[in-house]
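*Asks:* Here it is, the structure in full.
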Amino acid sequence: MERLNRPFIVASKPILNIQDLRIALAINDADFIELRIDYMDNPLEIDYSLLKDKKVIVTLREFNEGGAKLHDPNIKIELLKRLRDLGILYDVEVSFIERFNVEYNNAIVSMHFIGLKPNIDYVIEKVLRYRDRAFIVKIVVEPFPGYRNFLIQLLELGENIAAFPMSIDPLERIAYALLGSKLIYGYIDTPTAKGQLHYRQLKELINLIHNIINKNI
């Protein structure tokens with residue numbers, strides 16, 4: 001029986017100012033720290049060279065995919081260029097890549113479907129298009145009839161797929177992590193999505209389950 005691989009545990013934090021950034025960077029017991037800079041008025045005011053070689057994911061989420069504030073696309077284009085030059089991991093939406101032709105090699109390429117039921121053929125086509133160059137392709141959906149099977153189909157498309165629901169039930173996020181989703185998100189002090197647990201709770205639960213299962217293989 002094959003060993004169960006643990007997903008990356010991401011500790012996520014809304015960043016409104018430099019103090020929030022210091023709090024997030026003090027975390028050293030998660031696989032990645034997600035810096036949700038879409039909460040900032042000016043995401044370019046951060047000196048991103050300070051993040052070089054740190055295990056961070058920088059996310060300027062699009063407003064229509066769950067972002068906190070609406071930002072000028074040119075700000076995001078400049079941001080991604082800075083991060084790319086520094087070798088810092090970032091999350092960028094498929095919709096943004098296709099509108100502005102930005103680089104996504106070794107990035108987290110994401111799709112978030114809020115308030116709508118996505119077409120499975122459309123999503124599979126996007127996953128297959130981006131999976132070979134992306135670090136991880138991530139798909140998040142709000143629950144709709146059949147969403148559980150929908151997400152499982154996506155997890156079968158590769159080893160670098162993250163797929164999970166934006167559900168109020170945190171057990172669903174854990175379930176998809178156990179089924180092969182490469183990322184599971186928890187919060188540091190303020191949830192950034194429905195159904196998030198504290199990242200330390202997630203780490204404890206995921207490690208416990210994986211240790212039990214792998215011990216018996």
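Naming works like this for the structure tokens: A, B, ... for the chains as they're shown, residue 1 at the start of each chain, ligands 1 onward in shown order.
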Return as a VMD selection string the full set of residues in chain A whose backbone-based DSSP assignment is alpha helix (DSSP H).
*Replies:* chain A and resid 18 to 25 73 to 86 94 to 100 120 to 130 147 to 155 170 to 178 199 to 215
*Asks:* Which stretch 93-202 of chain A residues have any atom within 10 Å of an atom of stretch 82-89 of chain A, and for each, what is the nearest pair of atoms with distance in Å to one decimal, counting only C-alpha atoms, rows sorted by chain and number, as a tab-separated table?
*Replies:*
residue	atom	partner	partner_atom	distance
A:Glu103	CA	A:Arg84	CA	8.0
A:Tyr104	CA	A:Arg84	CA	9.0
A:Asn105	CA	A:Arg84	CA	9.3
A:Asn106	CA	A:Leu89	CA	7.6
A:Ala107	CA	A:Leu89	CA	5.9
A:Ile108	CA	A:Leu89	CA	7.5
A:Phe135	CA	A:Leu89	CA	8.9
*Asks:* Give me the residues within 9 Å of stretch 12-29 of chain A as a ChimeraX atom specification, counting only C-alpha atoms and dropping any in the same chain fewer than 4 places off.
*Replies:* /A:33-41,43,46,51,54-57,185-192,199-200,203
*Asks:* Output N, CA and C atoms of each residue in that selection to a file, as a PDB file, in the first residue's frame.
*Replies:*
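Output saved as out.pdb:
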ATOM      1  N   ILE A  33       3.710  30.507   4.596  1.00  0.00           N
ATOM      2  CA  ILE A  33       2.913  31.604   5.141  1.00  0.00           C
ATOM      3  C   ILE A  33       2.319  32.341   3.955  1.00  0.00           C
ATOM      4  N   GLU A  34       0.987  32.447   3.930  1.00  0.00           N
ATOM      5  CA  GLU A  34       0.360  33.210   2.858  1.00  0.00           C
ATOM      6  C   GLU A  34       0.132  34.638   3.326  1.00  0.00           C
ATOM      7  N   LEU A  35       0.656  35.586   2.559  1.00  0.00           N
ATOM      8  CA  LEU A  35       0.483  37.000   2.836  1.00  0.00           C
ATOM      9  C   LEU A  35      -0.616  37.529   1.918  1.00  0.00           C
ATOM     10  N   ARG A  36      -1.802  37.768   2.478  1.00  0.00           N
ATOM     11  CA  ARG A  36      -2.940  38.232   1.697  1.00  0.00           C
ATOM     12  C   ARG A  36      -2.884  39.755   1.602  1.00  0.00           C
ATOM     13  N   ILE A  37      -2.126  40.231   0.635  1.00  0.00           N
ATOM     14  CA  ILE A  37      -1.896  41.672   0.529  1.00  0.00           C
ATOM     15  C   ILE A  37      -3.016  42.400  -0.204  1.00  0.00           C
ATOM     16  N   ASP A  38      -4.063  41.669  -0.648  1.00  0.00           N
ATOM     17  CA  ASP A  38      -5.209  42.351  -1.248  1.00  0.00           C
ATOM     18  C   ASP A  38      -5.982  43.164  -0.211  1.00  0.00           C
ATOM     19  N   TYR A  39      -5.669  42.994   1.067  1.00  0.00           N
ATOM     20  CA  TYR A  39      -6.280  43.806   2.128  1.00  0.00           C
ATOM     21  C   TYR A  39      -5.633  45.193   2.236  1.00  0.00           C
ATOM     22  N   MET A  40      -4.497  45.397   1.579  1.00  0.00           N
ATOM     23  CA  MET A  40      -3.770  46.665   1.675  1.00  0.00           C
ATOM     24  C   MET A  40      -4.314  47.686   0.679  1.00  0.00           C
ATOM     25  N   ASP A  41      -4.150  48.962   1.008  1.00  0.00           N
ATOM     26  CA  ASP A  41      -4.471  50.017   0.046  1.00  0.00           C
ATOM     27  C   ASP A  41      -3.406  50.089  -1.038  1.00  0.00           C
ATOM     28  N   PRO A  43      -0.339  47.699  -2.099  1.00  0.00           N
ATOM     29  CA  PRO A  43       0.490  46.506  -1.919  1.00  0.00           C
ATOM     30  C   PRO A  43       1.945  46.695  -2.334  1.00  0.00           C
ATOM     31  N   ILE A  46       5.389  47.468   0.313  1.00  0.00           N
ATOM     32  CA  ILE A  46       6.231  46.486   0.998  1.00  0.00           C
ATOM     33  C   ILE A  46       7.565  46.354   0.277  1.00  0.00           C
ATOM     34  N   LEU A  51      11.517  39.369   1.805  1.00  0.00           N
ATOM     35  CA  LEU A  51      10.885  38.051   1.793  1.00  0.00           C
ATOM     36  C   LEU A  51      11.704  37.018   1.044  1.00  0.00           C
ATOM     37  N   LYS A  54      12.324  33.192   1.976  1.00  0.00           N
ATOM     38  CA  LYS A  54      11.384  32.804   3.029  1.00  0.00           C
ATOM     39  C   LYS A  54      10.263  31.967   2.419  1.00  0.00           C
ATOM     40  N   LYS A  55       9.660  31.116   3.236  1.00  0.00           N
ATOM     41  CA  LYS A  55       8.620  30.200   2.758  1.00  0.00           C
ATOM     42  C   LYS A  55       7.270  30.926   2.762  1.00  0.00           C
ATOM     43  N   VAL A  56       7.115  31.822   1.821  1.00  0.00           N
ATOM     44  CA  VAL A  56       5.901  32.627   1.753  1.00  0.00           C
ATOM     45  C   VAL A  56       5.184  32.411   0.422  1.00  0.00           C
ATOM     46  N   ILE A  57       3.893  32.675   0.446  1.00  0.00           N
ATOM     47  CA  ILE A  57       3.077  32.789  -0.760  1.00  0.00           C
ATOM     48  C   ILE A  57       2.477  34.189  -0.725  1.00  0.00           C
ATOM     49  N   TYR A 185      -5.295  25.343   3.879  1.00  0.00           N
ATOM     50  CA  TYR A 185      -5.080  26.676   4.447  1.00  0.00           C
ATOM     51  C   TYR A 185      -5.701  26.786   5.832  1.00  0.00           C
ATOM     52  N   GLY A 186      -4.949  27.370   6.751  1.00  0.00           N
ATOM     53  CA  GLY A 186      -5.452  27.732   8.062  1.00  0.00           C
ATOM     54  C   GLY A 186      -5.105  29.177   8.345  1.00  0.00           C
ATOM     55  N   TYR A 187      -5.697  29.727   9.370  1.00  0.00           N
ATOM     56  CA  TYR A 187      -5.444  31.134   9.666  1.00  0.00           C
ATOM     57  C   TYR A 187      -4.441  31.293  10.811  1.00  0.00           C
ATOM     58  N   ILE A 188      -3.797  32.440  10.839  1.00  0.00           N
ATOM     59  CA  ILE A 188      -2.882  32.795  11.927  1.00  0.00           C
ATOM     60  C   ILE A 188      -3.656  33.470  13.053  1.00  0.00           C
ATOM     61  N   ASP A 189      -4.420  34.503  12.729  1.00  0.00           N
ATOM     62  CA  ASP A 189      -5.244  35.164  13.750  1.00  0.00           C
ATOM     63  C   ASP A 189      -6.625  35.562  13.233  1.00  0.00           C
ATOM     64  N   THR A 190      -6.785  35.678  11.913  1.00  0.00           N
ATOM     65  CA  THR A 190      -8.058  36.052  11.317  1.00  0.00           C
ATOM     66  C   THR A 190      -8.312  35.186  10.089  1.00  0.00           C
ATOM     67  N   PRO A 191      -9.412  34.435  10.048  1.00  0.00           N
ATOM     68  CA  PRO A 191      -9.692  33.620   8.851  1.00  0.00           C
ATOM     69  C   PRO A 191      -9.791  34.476   7.594  1.00  0.00           C
ATOM     70  N   THR A 192      -9.298  33.934   6.481  1.00  0.00           N
ATOM     71  CA  THR A 192      -9.408  34.620   5.192  1.00  0.00           C
ATOM     72  C   THR A 192     -10.435  33.942   4.287  1.00  0.00           C
ATOM     73  N   TYR A 199      -4.098  27.326  11.810  1.00  0.00           N
ATOM     74  CA  TYR A 199      -3.138  26.474  11.108  1.00  0.00           C
ATOM     75  C   TYR A 199      -2.487  25.453  12.035  1.00  0.00           C
ATOM     76  N   ARG A 200      -2.331  25.767  13.323  1.00  0.00           N
ATOM     77  CA  ARG A 200      -1.724  24.795  14.240  1.00  0.00           C
ATOM     78  C   ARG A 200      -2.675  23.628  14.507  1.00  0.00           C
ATOM     79  N   LYS A 203      -2.365  21.473  11.449  1.00  0.00           N
ATOM     80  CA  LYS A 203      -1.107  20.730  11.448  1.00  0.00           C
ATOM     81  C   LYS A 203      -1.189  19.531  12.390  1.00  0.00           C
TER      82      LYS A 203
END
*Asks:* Run DSSP on the backbone of this structure and report the residues of stretch 8-201 of chain A it assigns to strand (DSSP E or B), as a PyMOL selection string.
*Replies:* chain A and resi 8-14+32-36+56-59+90-93+108-113+136-141+161-165+183-187+198
*Asks:* With C-alpha atoms retained, export the selected residues as a compact mmCIF listing (two decimals), in the first residue's frame.
*Replies:*
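Once written, result.txt looks like this:
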# COMPACT_ATOMS: atom_id res chain seq x y z
CA PHE A 8 1.45 21.59 2.47
CA ILE A 9 -0.02 23.43 5.46
CA VAL A 10 -0.40 27.13 4.76
CA ALA A 11 -0.78 29.74 7.52
CA SER A 12 -2.69 32.65 6.01
CA LYS A 13 -2.91 36.22 7.26
CA PRO A 14 -4.55 39.42 5.98
CA PHE A 32 4.16 28.23 3.90
CA ILE A 33 2.91 31.60 5.14
CA GLU A 34 0.36 33.21 2.86
CA LEU A 35 0.48 37.00 2.84
CA ARG A 36 -2.94 38.23 1.70
CA VAL A 56 5.90 32.63 1.75
CA ILE A 57 3.08 32.79 -0.76
CA VAL A 58 2.21 36.34 -1.78
CA THR A 59 -1.43 36.69 -2.82
CA TYR A 90 2.97 33.94 -5.59
CA ASP A 91 -0.63 32.94 -6.30
CA VAL A 92 -2.07 34.22 -9.58
CA GLU A 93 -5.49 33.55 -11.07
CA ILE A 108 0.35 28.76 -7.73
CA VAL A 109 -2.17 29.08 -10.54
CA SER A 110 -5.67 29.42 -9.13
CA MET A 111 -9.37 29.47 -9.97
CA HIS A 112 -12.05 30.50 -7.47
CA PHE A 113 -15.70 29.99 -8.37
CA ILE A 136 0.41 23.91 -7.98
CA VAL A 137 -2.91 24.41 -9.74
CA LYS A 138 -5.57 25.33 -7.18
CA ILE A 139 -9.34 25.17 -7.65
CA VAL A 140 -11.77 26.40 -5.00
CA VAL A 141 -15.55 26.26 -5.32
CA ILE A 161 -3.44 19.81 -7.78
CA ALA A 162 -5.14 21.53 -4.85
CA ALA A 163 -8.93 21.33 -4.89
CA PHE A 164 -11.29 21.99 -2.02
CA PRO A 165 -14.63 23.65 -1.22
CA LEU A 183 -2.57 22.61 -0.06
CA ILE A 184 -4.65 23.17 3.06
CA TYR A 185 -5.08 26.68 4.45
CA GLY A 186 -5.45 27.73 8.06
CA TYR A 187 -5.44 31.13 9.67
CA HIS A 198 -6.19 27.74 12.98
*Asks:* Provide the atom CA of A:Asn5 to atom CA of A:Leu208 distance in Å, to one decimal place.
*Replies:*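 Atom-to-atom, atom CA of A:Asn5 to atom CA of A:Leu208, that is 12.7 Å.
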*Asks:* Just the number, please: distance in Å from atom CA of A:Pro145 to atom CA of A:Phe96, one decimal.
*Replies:* 27.4 Å
*Asks:* Mind pulling up the distance from atom CA of A:Phe144 to atom CA of A:Ile209?
*Replies:*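 Atom CA of A:Phe144 lies 28.0 Å from atom CA of A:Ile209.
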*Asks:* Nearest to A:Gly67 among A:Asn214, A:Ala193, A:Val102, A:Glu156, with distances taken over only C-alpha atoms: which residue is it?
*Replies:*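 For A:Gly67, the nearest of the given residues is A:Ala193.
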*Asks:* Of the residues A:Glu65, A:Glu78, A:Asp72, A:Asp31, which is the one nearest to A:Tyr48, using only C-alpha atoms?
*Replies:*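 Of the candidates, the smallest distance to A:Tyr48 is held by A:Glu78.
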*Asks:* Which is closest to A:His71 among A:Leu151, A:Leu44, A:Ile97, A:Leu50, if we use only C-alpha atoms?
*Replies:*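 Selected residue with least distance to A:His71: A:Leu44.
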